[in-house]
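What follows is a set of notes on a single structure, which appears directly below.
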Amino acid sequence: MSVSRTELPRWQFELTWSLFEYHLERLEPEDFLWEPAPLCWTMRRGPDGTWVPDWADTEPDPVPVPTIAWVSWHIGWWWSVTLDHAQGRPPRDRTDVAWPGEGTPTIEWLRGLRTQWLAVLDGLTDADLDAKAPFPSPDDPEYTVAHMVAWVNAELMKNVTEIGQLRLLRAASA
């Protein structure tokens with residue numbers, strides 16, 4: 001059986017998502033802001049009540065351990081910007097991507113991003129995969145939409161692993 005160039009990355013995405021669902025279904029609201037180490041990046045309430053991510057324009061050394069809250073915001077940020085590019089919209093700034101908060105609101109937000117991404121994947125043709133990628137390397141003509149799709153799969157897989165590990169560590173430390 002032959003698999004098209006558009007089917008393979010969708011299959012890989014769905015495999016990664018099934019691993020994510022395993023953890024999403026088990027996350028408790030208390031898991032999100034749990035800090036596993038003294039040096040953490042998390043989400044904090046700003047003066048207006050919105051959630052603000054810890055951030056540095058230059059990666060600190062040592063790198064802070066992220067909380068599930070921070071990683072889930074991070075997924076929402078890079079995925080929202082990727083969707084903007086993929087759908088021909090002006091990309092949002094990092095500060096324009098709001099984290100919905102602990103528990104169900106964030107889980108529903110991430111599932112909504114998945115639905116939007118599936119619509120992008122389902123609309124791709126082989127010719128689309130060969131087009132210049134608008135993101136994450138817009139100034140490099142060597143990278144195609146196929147590279148962007150593969151990057152999403154890899155970035156999501158990494159972030160899913162981080163969330164899963166943090167969830168397991170919190171459960172084991174209780």
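Chain labels run A, B, ... following the order of the structure tokens; each chain numbers its residues from 1, and ligands are numbered from 1 in the order shown.
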May I have a table of the residues of segment 95-169 of chain A lying at most 6 Å from segment 23-46 of chain A, giving each one's closest pair of atoms and their distance in Å to one decimal, counting only C-alpha atoms, ordered by chain and ascending residue number, as a tab-separated table?
```
residue	atom	partner	partner_atom	distance
A:Glu102	CA	A:Pro29	CA	5.0
A:Gly103	CA	A:Pro29	CA	4.1
A:Gly164	CA	A:His23	CA	5.9
```
Residues within 12 Å of His74 of chain A, please, as an NGL selection string. Count only C-alpha atoms; anything in the same chain fewer than 3 positions from it doesn't count. :A and (41-43 or 52-55 or 66-71 or 77-81 or 94-95 or 97-99 or 106 or 110 or 155-156 or 158-160 or 162-163)
Please identify which residues in chain A DSSP calls strand (DSSP E or B) from the backbone, and express them as number ranges by chain. A: 40-41, 43-45, 51-53, 65-66, 132, 144
Atoms to include: N, CA, C and O atoms. Write the selected residues as an mmCIF file, in the first residue's frame.
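This went into part-v8.cif:
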```
data_model
loop_
_atom_site.group_PDB
_atom_site.id
_atom_site.type_symbol
_atom_site.label_atom_id
_atom_site.label_comp_id
_atom_site.auth_asym_id
_atom_site.auth_seq_id
_atom_site.Cartn_x
_atom_site.Cartn_y
_atom_site.Cartn_z
ATOM 1 N N CYS A 40 11.884 27.854 37.840
ATOM 2 C CA CYS A 40 10.802 27.469 36.923
ATOM 3 C C CYS A 40 10.342 28.648 36.082
ATOM 4 O O CYS A 40 10.380 29.799 36.530
ATOM 5 N N TRP A 41 9.868 28.317 34.886
ATOM 6 C CA TRP A 41 9.071 29.260 34.095
ATOM 7 C C TRP A 41 7.642 28.779 34.184
ATOM 8 O O TRP A 41 7.353 27.590 34.012
ATOM 9 N N MET A 43 3.217 30.472 34.307
ATOM 10 C CA MET A 43 2.287 31.532 33.936
ATOM 11 C C MET A 43 1.922 32.273 35.217
ATOM 12 O O MET A 43 1.693 31.644 36.250
ATOM 13 N N ARG A 44 1.895 33.599 35.127
ATOM 14 C CA ARG A 44 1.582 34.415 36.299
ATOM 15 C C ARG A 44 0.491 35.426 35.931
ATOM 16 O O ARG A 44 0.425 35.873 34.799
ATOM 17 N N ARG A 45 -0.328 35.749 36.898
ATOM 18 C CA ARG A 45 -1.378 36.744 36.668
ATOM 19 C C ARG A 45 -0.742 38.125 36.520
ATOM 20 O O ARG A 45 0.051 38.554 37.358
ATOM 21 N N TRP A 51 -3.193 35.983 32.124
ATOM 22 C CA TRP A 51 -2.015 35.167 32.396
ATOM 23 C C TRP A 51 -0.860 35.631 31.511
ATOM 24 O O TRP A 51 -1.027 35.839 30.311
ATOM 25 N N VAL A 52 0.318 35.757 32.125
ATOM 26 C CA VAL A 52 1.514 36.219 31.420
ATOM 27 C C VAL A 52 2.598 35.156 31.595
ATOM 28 O O VAL A 52 2.873 34.723 32.718
ATOM 29 N N PRO A 53 3.236 34.732 30.483
ATOM 30 C CA PRO A 53 4.301 33.730 30.615
ATOM 31 C C PRO A 53 5.609 34.353 31.078
ATOM 32 O O PRO A 53 5.940 35.487 30.714
ATOM 33 N N VAL A 65 13.103 25.202 34.380
ATOM 34 C CA VAL A 65 12.207 24.075 34.127
ATOM 35 C C VAL A 65 10.813 24.673 33.904
ATOM 36 O O VAL A 65 10.336 25.438 34.746
ATOM 37 N N PRO A 66 10.153 24.345 32.800
ATOM 38 C CA PRO A 66 8.816 24.904 32.591
ATOM 39 C C PRO A 66 7.760 24.108 33.351
ATOM 40 O O PRO A 66 7.908 22.923 33.592
ATOM 41 N N LYS A 132 7.255 27.239 -0.778
ATOM 42 C CA LYS A 132 8.123 27.843 0.235
ATOM 43 C C LYS A 132 7.342 27.980 1.541
ATOM 44 O O LYS A 132 6.195 28.389 1.552
ATOM 45 N N THR A 144 10.336 24.180 2.922
ATOM 46 C CA THR A 144 9.034 24.093 2.271
ATOM 47 C C THR A 144 7.923 23.923 3.310
ATOM 48 O O THR A 144 8.200 23.736 4.496
#
```
Determine, counting only C-alpha atoms, which protein, DNA and RNA residues have an atom within 9 Å of an atom of Ala131 of chain A; residues of the same chain fewer than 5 positions away are not included. Present the result as a ChimeraX atom specification. /A:143-146
Please produce an output containing all heavy atoms for each residue in the selection, written as a compact mmCIF listing (two decimals), in the first residue's frame.
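Wrote it out as again33.txt, contents follow:
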```txt
# COMPACT_ATOMS: atom_id res chain seq x y z
N TYR A 143 13.42 25.87 2.82
CA TYR A 143 12.40 25.19 3.61
C TYR A 143 11.02 25.31 2.97
O TYR A 143 10.60 26.38 2.57
CB TYR A 143 12.38 25.70 5.05
CG TYR A 143 13.66 25.34 5.76
CD1 TYR A 143 14.66 26.27 5.96
CD2 TYR A 143 13.88 24.04 6.19
CE1 TYR A 143 15.84 25.93 6.59
CE2 TYR A 143 15.05 23.68 6.82
CZ TYR A 143 16.03 24.63 7.01
OH TYR A 143 17.20 24.28 7.63
N THR A 144 10.34 24.18 2.92
CA THR A 144 9.03 24.09 2.27
C THR A 144 7.92 23.92 3.31
O THR A 144 8.20 23.74 4.50
CB THR A 144 9.00 22.89 1.32
OG1 THR A 144 9.14 21.69 2.12
CG2 THR A 144 10.11 22.95 0.27
N VAL A 145 6.68 23.94 2.82
CA VAL A 145 5.55 23.66 3.70
C VAL A 145 5.69 22.27 4.31
O VAL A 145 5.33 22.05 5.47
CB VAL A 145 4.22 23.83 2.93
CG1 VAL A 145 3.04 23.33 3.74
CG2 VAL A 145 4.03 25.30 2.54
N ALA A 146 6.25 21.33 3.57
CA ALA A 146 6.50 19.99 4.13
C ALA A 146 7.41 20.09 5.34
O ALA A 146 7.19 19.39 6.35
CB ALA A 146 7.10 19.06 3.07
```
For Thr82 of chain A, please output as a list in words all residues within 10 Å (counting only C-alpha atoms; exclusion window: fewer than 6 positions along the same chain). Gly76, Gly88, Arg89, Pro91, Arg92, Trp117, Pro134, Phe135, Pro136, Met148, Val149 and Val152 of chain A
Find the distance between atom CA of Pro90 of chain A and atom CA of Trp11 of chain A and write it in Å to one decimal. 28.2 Å
What's around Phe13 of chain A at 6 Å? Count only C-alpha atoms, leave out sequence neighbours fewer than 3 positions away in its own chain, and write the answer as number ranges by chain. A: 10, 16, 153
Using only C-alpha atoms, the residue out of A:Ala127, A:Pro105, A:Thr161, A:Trp73 with shortest distance to Ser4 of chain A is A:Ala127
Work out how far atom CA of Thr50 of chain A is from atom CA of Gly101 of chain A, in Å to one decimal.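 Distance between the two atoms: 8.9 Å.
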Atom CA of Pro64 of chain A to atom CA of Gln165 of chain A, distance in Å rounded to a single decimal: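 Separating atom CA of Pro64 of chain A from atom CA of Gln165 of chain A is a distance of 15.4 Å.
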Pick out the residues sitting within 9 Å of Leu124 of chain A, and hand them over as a PyMOL selection string; count only C-alpha atoms, and ignore anything fewer than 5 positions along from it in its own chain. chain A and resi 6+119+129
With distances taken over only C-alpha atoms, which of A:Ala154, A:Gln87, A:Ala171, A:Pro47 is nearest to Gln12 of chain A?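 Result for the nearest residue to Gln12 of chain A: A:Ala154.
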Pull the helix (DSSP H, G or I) assignments for chain A out of DSSP run on the backbone, and list those residues as a VMD selection string. chain A and resid 7 to 24 29 to 32 68 to 86 94 to 96 104 to 123 126 to 130 145 to 173
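Minimum atom-to-atom distance to Leu121 of chain A, evaluated using only C-alpha atoms, belongs to A:Ala86 out of A:Ser137, A:Asp96, A:Ala86, A:Ser18.
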